[in-house]
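Note: the block below is data-v7.cif and it holds mmCIF, C-alpha atoms and all ligand atoms.
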data_upload
#
loop_
_atom_site.label_atom_id
_atom_site.label_comp_id
_atom_site.auth_asym_id
_atom_site.auth_seq_id
_atom_site.Cartn_x
_atom_site.Cartn_y
_atom_site.Cartn_z
CA MET L 1 0.00 0.00 0.00
CA ASN L 2 1.26 3.49 -0.75
CA GLN L 3 0.98 6.38 1.70
CA ASP L 4 -2.31 7.57 0.27
CA GLU L 5 -3.85 4.11 0.67
CA LEU L 6 -2.66 4.01 4.28
CA LYS L 7 -4.28 7.39 4.87
CA ALA L 8 -7.53 6.11 3.37
CA GLN L 9 -7.38 3.03 5.58
CA THR L 10 -6.95 4.96 8.83
CA GLY L 11 -9.48 7.64 7.84
CA GLN L 12 -12.16 5.06 7.08
CA GLU L 13 -11.36 3.02 10.20
CA SER L 14 -11.82 6.03 12.47
CA VAL L 15 -15.48 6.44 11.50
CA LYS L 16 -16.18 3.23 13.48
CA TYR L 17 -15.68 5.32 16.62
CA ILE L 18 -18.46 7.75 15.70
CA LYS L 19 -21.87 6.87 17.12
CA SER L 20 -25.29 8.27 16.20
CA GLY L 21 -26.15 11.43 18.13
CA MET L 22 -22.54 12.54 18.56
CA THR L 23 -21.14 16.01 18.06
CA VAL L 24 -17.90 15.34 16.21
CA GLY L 25 -14.86 17.56 15.71
CA LEU L 26 -13.75 17.20 12.11
CA GLY L 27 -10.05 17.85 11.57
CA THR L 28 -8.19 19.01 8.50
CA GLY L 29 -5.85 17.39 5.98
CA SER L 30 -5.61 14.64 3.42
CA THR L 31 -6.19 11.81 5.96
CA VAL L 32 -9.19 13.56 7.45
CA ARG L 33 -10.60 13.99 3.94
CA TYR L 34 -11.03 10.21 3.77
CA MET L 35 -12.70 10.18 7.20
CA VAL L 36 -15.16 12.90 6.22
CA ASP L 37 -15.94 11.13 2.92
CA GLU L 38 -16.75 7.93 4.82
CA LEU L 39 -18.79 9.80 7.45
CA GLY L 40 -20.74 11.48 4.65
CA LYS L 41 -21.48 8.08 3.10
CA GLN L 42 -22.75 6.69 6.38
CA VAL L 43 -24.89 9.75 7.08
CA GLN L 44 -26.37 9.58 3.57
CA ALA L 45 -27.09 5.86 3.99
CA GLY L 46 -28.82 6.52 7.34
CA LYS L 47 -26.30 4.32 9.19
CA LEU L 48 -25.30 7.26 11.38
CA THR L 49 -28.05 9.66 12.42
CA ASN L 50 -28.22 12.94 14.28
CA ILE L 51 -24.54 13.72 13.69
CA THR L 52 -23.34 17.28 14.21
CA GLY L 53 -19.93 18.30 12.90
CA VAL L 54 -17.73 21.11 14.17
CA THR L 55 -14.94 21.76 11.70
CA THR L 56 -11.34 22.89 12.13
CA SER L 57 -11.12 24.72 8.80
CA ARG L 58 -13.28 26.28 6.11
CA ARG L 59 -11.98 23.54 3.76
CA THR L 60 -13.38 20.74 5.91
CA ALA L 61 -16.62 22.66 6.48
CA LYS L 62 -17.19 22.88 2.72
CA GLN L 63 -16.46 19.18 2.19
CA ALA L 64 -18.74 18.11 5.05
CA GLN L 65 -21.60 20.38 4.01
CA ASP L 66 -21.37 19.17 0.40
CA LEU L 67 -21.79 15.63 1.76
CA GLY L 68 -24.89 16.58 3.75
CA ILE L 69 -23.29 16.50 7.22
CA THR L 70 -24.85 19.06 9.59
CA ILE L 71 -22.23 21.60 10.65
CA LYS L 72 -22.52 23.92 13.62
CA ASP L 73 -20.40 26.85 14.65
CA ILE L 74 -18.19 26.07 17.64
CA ASP L 75 -19.88 28.86 19.59
CA ASP L 76 -23.26 27.16 19.16
CA ILE L 77 -22.35 23.88 20.88
CA ASP L 78 -21.48 23.20 24.51
CA HIS L 79 -19.15 20.26 23.99
CA ILE L 80 -17.71 17.93 21.37
CA ASP L 81 -17.96 14.19 22.05
CA LEU L 82 -15.11 13.10 19.82
CA CYS L 83 -12.58 14.94 17.67
CA ILE L 84 -10.89 13.07 14.82
CA ASP L 85 -7.91 14.84 13.31
CA GLY L 86 -4.66 14.12 11.50
CA ALA L 87 -1.15 14.85 12.73
CA ASP L 88 2.23 15.52 11.16
CA GLU L 89 4.29 13.73 13.81
CA VAL L 90 3.44 11.61 16.82
CA SER L 91 6.23 10.80 19.27
CA ASP L 92 6.72 7.67 21.38
CA ASP L 93 5.07 9.44 24.32
CA PHE L 94 2.09 10.59 22.21
CA GLN L 95 3.05 14.23 21.83
CA GLY L 96 2.24 15.71 18.45
CA ILE L 97 3.07 18.29 15.85
CA LYS L 98 0.12 19.52 13.83
CA GLY L 99 -0.51 22.39 11.47
CA GLY L 100 1.10 21.10 8.28
CA GLY L 101 -2.18 22.03 6.61
CA GLY L 102 -2.22 25.43 8.28
CA ALA L 103 -5.25 24.82 10.50
CA LEU L 104 -3.51 24.53 13.87
CA LEU L 105 -5.37 27.33 15.66
CA TRP L 106 -8.88 26.09 14.97
CA GLU L 107 -7.64 22.52 15.48
CA LYS L 108 -6.44 23.39 18.96
CA ILE L 109 -9.65 25.23 19.83
CA VAL L 110 -11.75 22.26 18.68
CA ALA L 111 -9.45 19.81 20.49
CA ASN L 112 -9.79 21.85 23.69
CA ALA L 113 -13.57 21.54 23.55
CA SER L 114 -13.48 17.77 22.92
CA ASN L 115 -14.06 14.98 25.43
CA GLN L 116 -12.07 12.50 23.38
CA ILE L 117 -9.43 12.94 20.68
CA ILE L 118 -8.34 10.45 18.04
CA TRP L 119 -5.50 11.16 15.62
CA ILE L 120 -5.38 9.33 12.34
CA VAL L 121 -1.96 8.90 10.77
CA ASP L 122 -0.08 6.62 8.44
CA GLU L 123 2.92 4.86 9.98
CA SER L 124 5.42 7.34 8.51
CA LYS L 125 4.21 9.92 11.07
CA LEU L 126 5.40 7.93 14.10
CA VAL L 127 8.71 9.27 15.43
CA HIS L 128 10.86 8.75 18.47
CA LYS L 129 11.20 12.48 19.20
CA LEU L 130 9.34 15.43 17.69
CA GLY L 131 11.00 18.03 15.50
CA LYS L 132 11.99 16.64 12.15
CA PHE L 133 8.73 18.02 10.78
CA PRO L 134 8.97 21.84 10.82
CA LEU L 135 6.99 23.21 13.76
CA PRO L 136 4.24 25.60 12.59
CA VAL L 137 3.72 28.76 14.64
CA GLU L 138 0.77 31.03 13.84
CA VAL L 139 1.54 34.74 14.22
CA VAL L 140 -0.49 37.91 13.71
CA PRO L 141 0.64 39.85 10.62
CA PHE L 142 1.41 43.05 12.54
CA GLY L 143 5.05 42.86 13.56
CA ALA L 144 5.41 39.33 12.19
CA GLN L 145 8.84 40.10 10.74
CA LEU L 146 10.03 41.02 14.24
CA VAL L 147 8.86 37.65 15.56
CA PHE L 148 10.58 35.96 12.60
CA ASN L 149 13.84 37.83 13.36
CA ARG L 150 13.62 36.80 17.00
CA PHE L 151 13.24 33.15 16.00
CA GLU L 152 16.29 33.55 13.78
CA ARG L 153 18.36 35.00 16.61
CA LYS L 154 17.35 32.08 18.80
CA GLY L 155 18.58 29.63 16.15
CA TYR L 156 15.11 28.22 15.43
CA LYS L 157 15.68 28.37 11.64
CA PRO L 158 12.35 29.95 10.70
CA SER L 159 10.78 30.01 7.24
CA TRP L 160 7.61 31.71 6.10
CA ARG L 161 4.76 29.41 5.06
CA MET L 162 4.07 30.47 1.47
CA ASP L 163 1.12 30.17 -0.87
CA GLY L 164 2.74 30.73 -4.29
CA ASP L 165 4.59 34.01 -4.02
CA GLN L 166 2.41 35.33 -1.16
CA LYS L 167 2.62 34.53 2.52
CA PHE L 168 0.12 31.80 3.41
CA LEU L 169 -2.93 33.15 5.27
CA THR L 170 -4.74 31.01 7.85
CA ASP L 171 -8.52 30.95 8.24
CA GLU L 172 -7.99 33.70 10.84
CA LYS L 173 -5.91 35.70 8.33
CA ASN L 174 -2.69 35.17 10.26
CA TYR L 175 0.72 34.05 8.99
CA ILE L 176 2.56 30.83 9.74
CA ILE L 177 6.26 30.63 10.51
CA ASP L 178 7.71 27.10 10.33
CA LEU L 179 10.58 26.34 12.69
CA HIS L 180 13.15 23.84 11.44
CA LEU L 181 14.32 22.54 14.79
CA GLY L 182 15.58 19.08 13.93
CA GLU L 183 14.85 17.55 17.32
CA ILE L 184 12.82 18.99 20.18
CA ASP L 185 14.26 17.87 23.51
CA HIS L 186 11.77 19.66 25.77
CA PRO L 187 8.47 20.21 23.93
CA GLU L 188 6.59 21.56 26.98
CA LYS L 189 9.29 24.15 27.69
CA LEU L 190 9.35 25.19 24.04
CA ALA L 191 5.54 25.44 23.83
CA ASP L 192 5.54 27.61 26.94
CA GLU L 193 8.26 29.87 25.59
CA LEU L 194 6.63 30.31 22.17
CA ILE L 195 3.10 30.98 23.41
CA HIS L 196 4.40 33.77 25.61
CA MET L 197 6.06 35.62 22.75
CA VAL L 198 4.06 38.70 21.78
CA GLY L 199 2.55 38.21 18.32
CA VAL L 200 2.39 34.42 18.56
CA VAL L 201 -1.20 33.18 18.47
CA GLU L 202 -0.69 29.42 18.70
CA THR L 203 1.86 26.69 18.10
CA GLY L 204 1.61 23.32 16.40
CA LEU L 205 2.75 21.51 19.55
CA PHE L 206 -0.22 19.42 20.72
CA LEU L 207 0.93 18.06 24.06
CA ASN L 208 -0.83 15.67 26.46
CA ARG L 209 -4.04 15.78 24.45
CA VAL L 210 -4.61 12.73 22.31
CA ASN L 211 -6.47 9.69 23.68
CA ASP L 212 -5.96 7.23 20.83
CA VAL L 213 -3.96 7.14 17.62
CA ILE L 214 -5.11 5.03 14.69
CA VAL L 215 -2.11 4.14 12.56
CA GLY L 216 -2.41 2.93 9.00
CA THR L 217 0.07 0.07 8.52
CA GLN L 218 0.73 -2.54 5.83
CA ASN L 219 -0.98 -5.06 8.15
CA GLY L 220 -4.11 -2.99 8.62
CA PRO L 221 -5.10 -0.23 11.04
CA LYS L 222 -3.49 -0.39 14.48
CA ILE L 223 -4.85 1.47 17.50
CA LEU L 224 -2.48 2.93 20.09
CA HIS L 225 -3.97 4.03 23.42
CA ALA L 226 -2.27 7.10 24.84
CA ARG L 227 -4.42 7.85 27.89
O1 LIG L 301 -2.57 19.48 11.28
C1 LIG L 301 -3.05 19.33 10.18
C2 LIG L 301 -3.59 20.46 9.38
O2 LIG L 301 -3.33 21.69 9.98
C3 LIG L 301 -3.15 17.98 9.58
O3 LIG L 301 -3.92 17.19 10.41
C4 LIG L 301 -1.78 17.42 9.41
O4 LIG L 301 -1.03 18.32 8.62
C5 LIG L 301 -1.82 16.03 8.74
O5 LIG L 301 -2.22 16.17 7.43
P1 LIG L 301 -2.28 14.98 6.40
O6 LIG L 301 -3.35 14.05 6.88
O7 LIG L 301 -2.62 15.65 5.09
O8 LIG L 301 -0.93 14.32 6.35
#
How does this structure look as structure tokens?
Ligand SMILES: O=C(CO)[C@H](O)[C@H](O)COP(=O)(O)O
Amino acid sequence: MNQDELKAQTGQESVKYIKSGMTVGLGTGSTVRYMVDELGKQVQAGKLTNITGVTTSRRTAKQAQDLGITIKDIDDIDHIDLCIDGADEVSDDFQGIKGGGGALLWEKIVANASNQIIWIVDESKLVHKLGKFPLPVEVVPFGAQLVFNRFERKGYKPSWRMDGDQKFLTDEKNYIIDLHLGEIDHPEKLADELIHMVGVVETGLFLNRVNDVIVGTQNGPKILHAR
């Protein structure tokens, strides 16, 4: 199976954890796309009823609505039963980097409101330590170059997330700076440092959050219980 087939496998498998009546956080990315497609099929077939989706990006909202899944604004719900999202890296101790698709801020807000979180990844995303994947940091545009320069001085090897020849804009119209750290020895310390820098809105470090990870492998989907 190629990587795309592994993504499809894990995305489809994750829908088994959705039960009728649930409010479900719908993540963002190519793996989640398969999950939302499968959820849409089951909703259309009447196998899953009374499903409400809360999405982590405008992209996912459009896909879900086109498939006939009811979508509510996060401010109109009081909790999310289950959030299913992708990840860019998952370490041995179940810490994660997310935001490769640029949706980290809404993803973290939706995750925060969720009773249970499942990440769906293909096996290439499992790492010993986080950091090979560039760490996305969402920053407000005003003074963003100053934040970038500060990252540079700290040796964090920043690069601007681009969309063609323009800076990439998130759903909140912010920029993303990717930090090429190599290996992150102390993710909690780093998350704390970054979030306290003026101009930083959110980081792609998702720490102590995920309950289960569904991994697409050549031998079929494997579930890893984190907490
Ligand atoms: O965090 C994300 C988007 O902001 C995605 O979940 C992450 O980038 C994984 O994406 P994919 O399933 O396409 O590999």
Dump the neighbourhood of ligand LIG 301 (chain L) as a CSV table (one decimal) with C-alpha atoms, in the coordinates of the input: all residues within 6 Å, distances computed on all atoms listed in the file.
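Everything below was put into part.csv:
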chain,number,residue,atom,x,y,z
L,28,THR,CA,-8.2,19.0,8.5
L,29,GLY,CA,-5.8,17.4,6.0
L,30,SER,CA,-5.6,14.6,3.4
L,31,THR,CA,-6.2,11.8,6.0
L,32,VAL,CA,-9.2,13.6,7.4
L,85,ASP,CA,-7.9,14.8,13.3
L,86,GLY,CA,-4.7,14.1,11.5
L,87,ALA,CA,-1.2,14.8,12.7
L,88,ASP,CA,2.2,15.5,11.2
L,98,LYS,CA,0.1,19.5,13.8
L,99,GLY,CA,-0.5,22.4,11.5
L,100,GLY,CA,1.1,21.1,8.3
L,101,GLY,CA,-2.2,22.0,6.6
L,102,GLY,CA,-2.2,25.4,8.3
L,103,ALA,CA,-5.2,24.8,10.5
L,104,LEU,CA,-3.5,24.5,13.9
Practice task
Choose the residue, out of L:Phe168, L:Phe206, L:Phe133, L:Phe148, that has the smallest atom-to-atom separation from Ala111 in chain L; count only C-alpha atoms.
Solution key: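 Comparing L:Phe168, L:Phe206, L:Phe133, L:Phe148 against Ala111 in chain L, the winner is L:Phe206.
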Problem - Residue nearest Gly27 in chain L - candidates L:Thr60, L:Thr10, L:Asn50, L:Asn2, atoms counted: only C-alpha atoms - result: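 With only C-alpha atoms as the atom set, the closest residue is L:Thr60.
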Completion exercise
Judged by all atoms listed in the file, the minimum distance to Glu183 in chain L among L:Lys47, L:His128, L:Arg161, L:Arg209 is found for L:His128
Problem - Polymer residues at most 9 Å from Gln63 in chain L, only C-alpha atoms, same-chain spacing of 6 or more positions, as a ChimeraX atom specification - result: /L:33,36-37,69
Resulting file, chosen residues, C-alpha atoms, as a PDB file, keeping the file's coordinate frame:
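File selection.pdb, as written:
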ATOM      1  CA  ARG L  33     -10.600  13.990   3.940  1.00  0.00           C
ATOM      2  CA  VAL L  36     -15.160  12.900   6.220  1.00  0.00           C
ATOM      3  CA  ASP L  37     -15.940  11.130   2.920  1.00  0.00           C
ATOM      4  CA  ILE L  69     -23.290  16.500   7.220  1.00  0.00           C
TER       5      ILE L  69
END
Practice task
May I have the protein, DNA and RNA residues with an atom at most 12 Å from (-0.1, 2.5, 0.3), counting only C-alpha atoms in the file's coordinates, returned as a PyMOL selection string?
Solution key: chain L and resi 1-10+122-124+216-220
Residues from last step as file, C-alpha atoms, as an mmCIF file, keeping the file's coordinate frame:
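New file part-v3.cif:
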data_model
loop_
_atom_site.group_PDB
_atom_site.id
_atom_site.type_symbol
_atom_site.label_atom_id
_atom_site.label_comp_id
_atom_site.auth_asym_id
_atom_site.auth_seq_id
_atom_site.Cartn_x
_atom_site.Cartn_y
_atom_site.Cartn_z
ATOM 1 C CA MET L 1 0.000 0.000 0.000
ATOM 2 C CA ASN L 2 1.260 3.490 -0.750
ATOM 3 C CA GLN L 3 0.980 6.380 1.700
ATOM 4 C CA ASP L 4 -2.310 7.570 0.270
ATOM 5 C CA GLU L 5 -3.850 4.110 0.670
ATOM 6 C CA LEU L 6 -2.660 4.010 4.280
ATOM 7 C CA LYS L 7 -4.280 7.390 4.870
ATOM 8 C CA ALA L 8 -7.530 6.110 3.370
ATOM 9 C CA GLN L 9 -7.380 3.030 5.580
ATOM 10 C CA THR L 10 -6.950 4.960 8.830
ATOM 11 C CA ASP L 122 -0.080 6.620 8.440
ATOM 12 C CA GLU L 123 2.920 4.860 9.980
ATOM 13 C CA SER L 124 5.420 7.340 8.510
ATOM 14 C CA GLY L 216 -2.410 2.930 9.000
ATOM 15 C CA THR L 217 0.070 0.070 8.520
ATOM 16 C CA GLN L 218 0.730 -2.540 5.830
ATOM 17 C CA ASN L 219 -0.980 -5.060 8.150
ATOM 18 C CA GLY L 220 -4.110 -2.990 8.620
#
Handout entry: Pick from L:Gly53, L:Pro221, L:Gly25, L:Gly164 nearest to Ala113 in chain L, counting all atoms listed in the file
Key =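 Of L:Gly53, L:Pro221, L:Gly25, L:Gly164, the one nearest Ala113 in chain L is L:Gly25, counting all atoms listed in the file.
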Problem - 7 Å contact set for Val139 in chain L, only C-alpha atoms, chain neighbours under 6 positions out, as a VMD selection string - result: chain L and resid 174 to 176 199 to 201
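Atom pair CA of Leu135 in chain L / CA of Ala226 in chain L has a distance of 21.6 Å (rounded to one decimal).
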Produce a table with one row for each residue of range 122-154 of chain L that has an atom at most 10 Å from any atom of range 169-172 of chain L, each row naming the nearest atom pair and its distance in Å at one decimal; use all atoms listed in the file; arrange rows by chain and rising residue number; format as CSV.
residue,atom,partner,partner_atom,distance
L:Glu138,CA,L:Thr170,CA,8.1
L:Val139,CA,L:Thr170,CA,9.7
L:Val140,CA,L:Glu172,CA,9.1
L:Pro141,CA,L:Leu169,CA,9.3
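Around Thr49 in chain L, within 7 Å and counting all atoms listed in the file, the residues found are Ser20, Gly21 and Val43 of chain L, once anything fewer than 5 positions away on its own chain is removed.
Distance-wise, CA of Asp212 in chain L and CA of Asn115 in chain L end up 12.1 Å apart.
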Practice task
Calculate how many Å separate CA of Ala64 in chain L from CA of Met35 in chain L, rounding to one decimal.
Solution key: 10.2 Å
Practice task
Go through L:Glu193, L:Asp92, L:Glu38, L:Asp73 one by one, measure the shortest atom-to-atom distance of each to Thr23 in chain L using all atoms listed in the file, and give the residue with the smallest value.
Solution key: L:Asp73
For range 14-49 of chain L, where the input has fewer atoms than it should, I would like N, CA and C atoms rebuilt and written as an mmCIF file, keeping the file's coordinate frame.
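Listed below is the output, result39.cif:
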data_model
loop_
_atom_site.group_PDB
_atom_site.id
_atom_site.type_symbol
_atom_site.label_atom_id
_atom_site.label_comp_id
_atom_site.auth_asym_id
_atom_site.auth_seq_id
_atom_site.Cartn_x
_atom_site.Cartn_y
_atom_site.Cartn_z
ATOM 1 N N SER L 14 -11.476 5.161 11.341
ATOM 2 C CA SER L 14 -11.820 6.030 12.470
ATOM 3 C C SER L 14 -13.318 6.287 12.579
ATOM 4 N N VAL L 15 -14.028 6.168 11.478
ATOM 5 C CA VAL L 15 -15.480 6.440 11.500
ATOM 6 C C VAL L 15 -16.211 5.416 12.371
ATOM 7 N N LYS L 16 -15.572 4.246 12.597
ATOM 8 C CA LYS L 16 -16.180 3.230 13.480
ATOM 9 C C LYS L 16 -16.362 3.756 14.909
ATOM 10 N N TYR L 17 -15.605 4.790 15.256
ATOM 11 C CA TYR L 17 -15.680 5.320 16.620
ATOM 12 C C TYR L 17 -16.766 6.397 16.761
ATOM 13 N N ILE L 18 -17.387 6.749 15.663
ATOM 14 C CA ILE L 18 -18.460 7.750 15.700
ATOM 15 C C ILE L 18 -19.787 7.032 15.885
ATOM 16 N N LYS L 19 -20.562 7.482 16.856
ATOM 17 C CA LYS L 19 -21.870 6.870 17.120
ATOM 18 C C LYS L 19 -22.961 7.901 16.816
ATOM 19 N N SER L 20 -24.153 7.383 16.465
ATOM 20 C CA SER L 20 -25.290 8.270 16.200
ATOM 21 C C SER L 20 -25.499 9.206 17.390
ATOM 22 N N GLY L 21 -25.862 10.448 17.076
ATOM 23 C CA GLY L 21 -26.150 11.430 18.130
ATOM 24 C C GLY L 21 -24.945 12.231 18.573
ATOM 25 N N MET L 22 -23.762 11.851 18.086
ATOM 26 C CA MET L 22 -22.540 12.540 18.560
ATOM 27 C C MET L 22 -22.325 13.904 17.898
ATOM 28 N N THR L 23 -21.719 14.796 18.641
ATOM 29 C CA THR L 23 -21.140 16.010 18.060
ATOM 30 C C THR L 23 -19.657 15.699 17.840
ATOM 31 N N VAL L 24 -19.227 15.825 16.590
ATOM 32 C CA VAL L 24 -17.900 15.340 16.210
ATOM 33 C C VAL L 24 -17.026 16.496 15.690
ATOM 34 N N GLY L 25 -15.835 16.602 16.228
ATOM 35 C CA GLY L 25 -14.860 17.560 15.710
ATOM 36 C C GLY L 25 -14.206 16.972 14.472
ATOM 37 N N LEU L 26 -14.286 17.703 13.387
ATOM 38 C CA LEU L 26 -13.750 17.200 12.110
ATOM 39 C C LEU L 26 -12.462 17.961 11.806
ATOM 40 N N GLY L 27 -11.356 17.240 11.779
ATOM 41 C CA GLY L 27 -10.050 17.850 11.570
ATOM 42 C C GLY L 27 -9.834 18.343 10.155
ATOM 43 N N THR L 28 -8.560 18.465 9.811
ATOM 44 C CA THR L 28 -8.190 19.010 8.500
ATOM 45 C C THR L 28 -7.027 18.194 7.939
ATOM 46 N N GLY L 29 -6.990 18.059 6.610
ATOM 47 C CA GLY L 29 -5.850 17.390 5.980
ATOM 48 C C GLY L 29 -6.293 16.264 5.079
ATOM 49 N N SER L 30 -5.298 15.651 4.430
ATOM 50 C CA SER L 30 -5.610 14.640 3.420
ATOM 51 C C SER L 30 -6.124 13.340 4.061
ATOM 52 N N THR L 31 -5.693 13.013 5.279
ATOM 53 C CA THR L 31 -6.190 11.810 5.960
ATOM 54 C C THR L 31 -7.623 12.038 6.424
ATOM 55 N N VAL L 32 -7.850 13.213 6.983
ATOM 56 C CA VAL L 32 -9.190 13.560 7.450
ATOM 57 C C VAL L 32 -10.191 13.592 6.284
ATOM 58 N N ARG L 33 -9.710 13.969 5.125
ATOM 59 C CA ARG L 33 -10.600 13.990 3.940
ATOM 60 C C ARG L 33 -11.266 12.636 3.751
ATOM 61 N N TYR L 34 -10.467 11.566 3.913
ATOM 62 C CA TYR L 34 -11.030 10.210 3.770
ATOM 63 C C TYR L 34 -12.051 9.920 4.872
ATOM 64 N N MET L 35 -11.776 10.409 6.082
ATOM 65 C CA MET L 35 -12.700 10.180 7.200
ATOM 66 C C MET L 35 -14.025 10.883 6.920
ATOM 67 N N VAL L 36 -13.937 12.133 6.460
ATOM 68 C CA VAL L 36 -15.160 12.900 6.220
ATOM 69 C C VAL L 36 -15.953 12.288 5.057
ATOM 70 N N ASP L 37 -15.249 11.808 4.041
ATOM 71 C CA ASP L 37 -15.940 11.130 2.920
ATOM 72 C C ASP L 37 -16.730 9.926 3.434
ATOM 73 N N GLU L 38 -16.103 9.130 4.285
ATOM 74 C CA GLU L 38 -16.750 7.930 4.820
ATOM 75 C C GLU L 38 -17.917 8.316 5.741
ATOM 76 N N LEU L 39 -17.711 9.337 6.560
ATOM 77 C CA LEU L 39 -18.790 9.800 7.450
ATOM 78 C C LEU L 39 -19.978 10.265 6.611
ATOM 79 N N GLY L 40 -19.678 11.006 5.542
ATOM 80 C CA GLY L 40 -20.740 11.480 4.650
ATOM 81 C C GLY L 40 -21.538 10.314 4.074
ATOM 82 N N LYS L 41 -20.811 9.270 3.667
ATOM 83 C CA LYS L 41 -21.480 8.080 3.100
ATOM 84 C C LYS L 41 -22.425 7.467 4.122
ATOM 85 N N GLN L 42 -21.941 7.345 5.348
ATOM 86 C CA GLN L 42 -22.750 6.690 6.380
ATOM 87 C C GLN L 42 -23.946 7.539 6.797
ATOM 88 N N VAL L 43 -23.770 8.842 6.773
ATOM 89 C CA VAL L 43 -24.890 9.750 7.080
ATOM 90 C C VAL L 43 -25.925 9.646 5.955
ATOM 91 N N GLN L 44 -25.438 9.663 4.716
ATOM 92 C CA GLN L 44 -26.370 9.580 3.570
ATOM 93 C C GLN L 44 -27.126 8.260 3.569
ATOM 94 N N ALA L 45 -26.454 7.180 3.988
ATOM 95 C CA ALA L 45 -27.090 5.860 3.990
ATOM 96 C C ALA L 45 -27.987 5.661 5.223
ATOM 97 N N GLY L 46 -28.000 6.639 6.123
ATOM 98 C CA GLY L 46 -28.820 6.520 7.340
ATOM 99 C C GLY L 46 -28.221 5.585 8.376
ATOM 100 N N LYS L 47 -26.939 5.206 8.203
ATOM 101 C CA LYS L 47 -26.300 4.320 9.190
ATOM 102 C C LYS L 47 -25.891 5.112 10.434
ATOM 103 N N LEU L 48 -25.581 6.371 10.247
ATOM 104 C CA LEU L 48 -25.300 7.260 11.380
ATOM 105 C C LEU L 48 -26.304 8.400 11.312
ATOM 106 N N THR L 49 -27.010 8.627 12.430
ATOM 107 C CA THR L 49 -28.050 9.660 12.420
ATOM 108 C C THR L 49 -27.746 10.700 13.495
#
